[in-house]
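Only one structure is covered here, and it is reproduced in the block below.
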Amino acid sequence: MAEAAEPMPEEPHSREDYIRLAKKADEDENYEEMVDRMKQVACMQDVKMTVEERSLLAVGYKNVVGTRRASWRIISTIEEKEERRGDQEKLEMIRTYKNQVIKELNDICNDIFRLLDKTLIPAAQKADDMESKVFYHKMQGDYNRYMAEWHAEDDIKQSYKSTSKSAYEKATDLAKTNLPPTHPVRLGVVLCYSMYINEVEEKYEEAFKLGLAAFEEAIIDLDTLEEDVYRDATHIMQMLRDNLVQWKKEARDRGQPFKEEDASSDEEFDEFTVSESSSSSDSSKGSSSSDSSMSSLELD
């Protein structure tokens, strides 16, 4: 008796099919498929993405890029060690693999840029969806910042840095005008833009001032938020607080403490903590989009 044929893979036919299959791919940690499914949704004519759909797309890209960024960092560390040892044969193998990872990163990021420029931002503009516009411009800032990490050529690296800064500035301006200080997307923009200013531009006090102003503005209205927004807002504020304390310590260690009138003492942050369950998540690791809308924000 002949064996039964293997069932054919399910072909999606509707928006709902694509979303259901993307969620299944998320559960299976198959983020390449998750991205492919949600790109189909994003490219459907004349329909802007919902918050859930936007989160699914962003989580997919975040994990696809995140695993390769982690690989690039590890390979770069190994390469540095082998350079000191002078083993040319091993170096050649390491650099071949590193170049392959960089090519994949470039391809994925350029795919993101095309989708943002040609589809997502125009659709948000047409729908006058300010939250999505802020979210997408922040994505532009994040992925251009990442591209600057692994490009060695100074002119190319500087180009990505400049584009990243412009995108963060646009996201910041739109957020200030259209979103409240406690909105998780607005807080996410401040968190990542201040990290850019601190790490890329090395303007330490400017980064501190930006983060501190956002923190102090948001904390005033925290008690008025609904539970889900409160959870997401305080999660980002906890990370922002941690950065502020760390940056202040680093400034002291450099012998260039921030001006007292511009900097709160560390003790002023001590009472601001979030529950262990929400603060223990690591933004650099994969996360399911069903856990929280926070999982769709690039926060590293």
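Ligands are numbered from 1 in the order shown, residues from 1 within each chain, and chains are lettered A, B, ... in the order they appear in the structure tokens.
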Next item on the list: Find the spatial neighbours of Ile19 (chain A), counting only C-alpha atoms, within a cut-off of 10 Å - ignore same-chain residues fewer than 4 positions away - and output them as a list in words.
Entry: Pro12, Ser14, Arg15, Lys23, Lys24, Ala25, Met34, Arg37, Met38, Gln40, Val41, Glu52, Glu53, Leu56 and Leu57 of chain A
Region 132-198 of chain A near region 237-250 of chain A within 9 Å: what's each residue's closest atom pair and its distance in Å to one decimal, counting only C-alpha atoms, ordered by chain then ascending residue number, as JSON lines?
{"residue": "A:Leu187", "atom": "CA", "partner": "A:Met237", "partner_atom": "CA", "distance": 7.4}
{"residue": "A:Gly188", "atom": "CA", "partner": "A:Met237", "partner_atom": "CA", "distance": 8.9}
{"residue": "A:Val190", "atom": "CA", "partner": "A:Leu240", "partner_atom": "CA", "distance": 8.5}
{"residue": "A:Leu191", "atom": "CA", "partner": "A:Leu240", "partner_atom": "CA", "distance": 5.9}
{"residue": "A:Met195", "atom": "CA", "partner": "A:Asn243", "partner_atom": "CA", "distance": 8.4}
{"residue": "A:Asn198", "atom": "CA", "partner": "A:Trp247", "partner_atom": "CA", "distance": 8.4}
Those selected residues, please, written with C-alpha atoms and delivered as a compact mmCIF listing (two decimals), in the first residue's frame.
# COMPACT_ATOMS: atom_id res chain seq x y z
CA LEU A 187 9.94 57.26 25.20
CA GLY A 188 11.53 54.65 22.93
CA VAL A 190 14.27 59.33 23.40
CA LEU A 191 15.98 56.22 24.75
CA MET A 195 22.08 56.35 23.16
CA ASN A 198 26.18 59.23 23.78
Next item on the list: Kindly give the distance, in Å, that separates CA of Lys81 (chain A) and CA of Glu199 (chain A), rounded to a single decimal.
Entry: 23.9 Å
Next item on the list: Name the closest residue to Gly211 (chain A) among the candidates A:Glu226, A:Lys90, A:Ile236, A:Ile112; distances are taken between atoms, counting only C-alpha atoms.
Entry: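 Distance minimum relative to Gly211 (chain A) lands on A:Ile236.
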Notebook entry, point to check: Residues of region 7-45 of chain A in alpha helix (DSSP H) according to DSSP, as a list in words?
Noted result: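 Of region 7-45 of chain A, only Arg15, Glu16, Asp17, Tyr18, Ile19, Arg20, Leu21, Ala22, Lys23, Lys24, Ala25, Asp26, Glu27, Tyr31, Glu32, Glu33, Met34, Val35, Asp36, Arg37, Met38, Lys39, Gln40, Val41 and Ala42 of chain A fall in alpha helix (DSSP H).
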Next item on the list: Would you mind reading off the distance between CA of Phe258 (chain A) and CA of Tyr168 (chain A), one decimal, in Å?
Entry: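 CA of Tyr168 (chain A) lies 23.9 Å from CA of Phe258 (chain A).
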